[in-house]
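A.B. asks: The structure's right below; bear with me while I get my questions together.
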Amino acid sequence: MKLQRTTLILLLLALGLGGFVYFYEIRGATVRKEMKEKEQQIFSFTADEVQALTVNSQNTTIILERNNNSNSSDPIRWLLKSPEESPANNASVSYLMDLLVDGKANRTLSVPRNQIPEYGLNQPQATIEIKLKNQKSHKLILGKPDFNRRFLYAQIDPATKPDGSVDVLLVSTDFGNAVNRQISEWKQLPENNNVKPSTNSPQSTPLPTTLPVPQNQEGQPGKDLPKSTPLPKLEPSVLPSPTQSN
């Protein structure tokens with residue numbers, strides 16, 4: 001009877017240990033992973049929620065607005081509004097949009113506010129302002145690269161915490177490639193280029209394939225015309241070899 005009780009206790013302990021392993025190690029690991037991924041996500045909005053983008057770089061300011069009239073017959077999804085008005089390059093805008101929607105922070109640092117210049121965030125290389133359709137807005141500030149140039153220091157919706165510190169993120173260097181573009185790269189590329197380069201060189205006149213046959217006064221082939229005297233055949237001249245001076 002005592003043996004059966006001991007076996008029952010061991011069985012209950014095994015079940016309890018198995019339940020602990022399942023809920024903490026298996027299900028708990030999945031939950032912790034999801035929470036970690038959620039913490040690393042830079043923004044939580046979707047691409048369809050974005051109405052406008054403003055990219056302020058050290059050289060220029062780019063303003064992009066969604067083309068709300070775009071449909072299947074109109075492939076222009078974004079419009080360039082500044083510094084000039086033009087259909088926007090969908091590829092350039094989509095590249096930046098994918099980074100904003102799906103981009104993750106590799107790490108988040110909590111630093112004193114007076115150390116912001118050390119990360120290049122007081123004079124950023126670019127600032128991205130995102131305006132959503134619900135009139136909410138977000139801001140992403142891009143600073144300088146980290147020491148091994150694998151990431152960029154950045155801030156999202158910068159705000160000072162109660163303890164006087166600020167959050168600095170490490171984000172992909174792809175953000176720098178996405179915003180530091182020439183104005184021509186933001187404009188839509190021409191679909192067709194049928195204009196051939198012009199040439200100023202005169203066209204050569206084709207040579208006749210047959211020579212005209214000389215005719216006499218009656219318009220008949222010149223049988224009685226004097227034959228031209230053939231030129232004498234020239235023999236190659238032999239130059240005397242120079243004599244050697246004594």
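We label chains A, B, ... in the order they appear in the structure tokens, count residues from 1 in each chain, and number ligands from 1 in the order shown.
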Which residues, written as an mmCIF file with N, CA and C atoms, in the first residue's frame, have at least one atom at most 12 Å from Lys136 in chain A, with only C-alpha atoms counted and residues fewer than 2 positions away on the same chain left out?
C.D. replies:
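selection09.cif, written as the output of this step:
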```cif
data_model
loop_
_atom_site.group_PDB
_atom_site.id
_atom_site.type_symbol
_atom_site.label_atom_id
_atom_site.label_comp_id
_atom_site.auth_asym_id
_atom_site.auth_seq_id
_atom_site.Cartn_x
_atom_site.Cartn_y
_atom_site.Cartn_z
ATOM 1 N N PHE A 45 1.676 51.049 -37.587
ATOM 2 C CA PHE A 45 0.698 51.310 -38.633
ATOM 3 C C PHE A 45 0.986 50.453 -39.872
ATOM 4 N N GLU A 49 -2.479 52.889 -44.269
ATOM 5 C CA GLU A 49 -2.887 53.966 -43.365
ATOM 6 C C GLU A 49 -2.105 55.251 -43.609
ATOM 7 N N VAL A 50 -1.024 55.180 -44.369
ATOM 8 C CA VAL A 50 -0.172 56.351 -44.573
ATOM 9 C C VAL A 50 -0.746 57.213 -45.690
ATOM 10 N N GLN A 51 -0.900 58.499 -45.408
ATOM 11 C CA GLN A 51 -1.436 59.449 -46.385
ATOM 12 C C GLN A 51 -0.340 60.313 -47.005
ATOM 13 N N ALA A 52 0.677 60.670 -46.224
ATOM 14 C CA ALA A 52 1.718 61.558 -46.744
ATOM 15 C C ALA A 52 3.034 61.293 -46.021
ATOM 16 N N GLU A 129 8.792 62.406 -41.550
ATOM 17 C CA GLU A 129 7.518 62.676 -40.908
ATOM 18 C C GLU A 129 6.424 61.904 -41.640
ATOM 19 N N ILE A 130 5.646 61.142 -40.875
ATOM 20 C CA ILE A 130 4.596 60.290 -41.450
ATOM 21 C C ILE A 130 3.244 60.806 -41.010
ATOM 22 N N LYS A 131 2.388 61.101 -41.961
ATOM 23 C CA LYS A 131 1.032 61.539 -41.665
ATOM 24 C C LYS A 131 0.064 60.439 -42.052
ATOM 25 N N LEU A 132 -0.763 60.010 -41.103
ATOM 26 C CA LEU A 132 -1.713 58.932 -41.350
ATOM 27 C C LEU A 132 -3.064 59.496 -41.787
ATOM 28 N N LYS A 133 -3.896 58.610 -42.321
ATOM 29 C CA LYS A 133 -5.220 59.029 -42.777
ATOM 30 C C LYS A 133 -6.113 59.476 -41.623
ATOM 31 N N ASN A 134 -5.841 58.989 -40.424
ATOM 32 C CA ASN A 134 -6.643 59.399 -39.262
ATOM 33 C C ASN A 134 -6.105 60.670 -38.609
ATOM 34 N N HIS A 138 3.671 60.636 -37.029
ATOM 35 C CA HIS A 138 4.838 60.046 -36.366
ATOM 36 C C HIS A 138 6.087 60.656 -36.984
ATOM 37 N N LYS A 139 7.179 60.523 -36.264
ATOM 38 C CA LYS A 139 8.446 61.074 -36.738
ATOM 39 C C LYS A 139 9.568 60.077 -36.456
ATOM 40 N N ASP A 157 9.331 59.428 -32.586
ATOM 41 C CA ASP A 157 8.455 60.297 -31.784
ATOM 42 C C ASP A 157 9.182 60.728 -30.514
#
```
A.B. asks: Return as an NGL selection string the full set of residues in range 78-191 of chain A whose backbone-based DSSP assignment is alpha helix (DSSP H).
C.D. replies: :A and (90-102 or 174-179 or 183-186)
A.B. asks: Would you kindly return, as number ranges by chain, each protein, DNA or RNA residue with an atom no farther than 10 Å from any atom of Thr108 in chain A, considering only C-alpha atoms and excluding same-chain residues fewer than 3 positions away?
C.D. replies: A: 39-40, 105, 111, 153-155, 166-171
A.B. asks: Which residues, written as a compact mmCIF listing (two decimals) with C-alpha atoms, in the first residue's frame, have at least one atom at most 9 Å from Pro83 in chain A, with only C-alpha atoms counted and residues fewer than 2 positions away on the same chain left out?
C.D. replies:
```
# COMPACT_ATOMS: atom_id res chain seq x y z
CA THR A 60 16.39 69.13 -49.71
CA THR A 61 12.86 68.45 -48.50
CA ILE A 62 10.74 65.85 -50.28
CA ILE A 63 6.96 65.88 -49.83
CA LEU A 80 5.65 64.22 -55.59
CA LYS A 81 4.48 67.62 -54.31
CA GLU A 85 5.13 68.44 -58.73
CA ILE A 183 15.28 64.43 -56.80
```
A.B. asks: What is the distance between CA of Val55 in chain A and CA of Ile116 in chain A, in Å to one decimal?
C.D. replies: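 These atoms are spaced 20.8 Å apart.
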A.B. asks: Could you list, as a ChimeraX atom specification, every residue within 9 Å of Asp102 in chain A, counting only C-alpha atoms and ignoring same-chain residues fewer than 4 positions away?
C.D. replies: /A:41-44,46,97-98
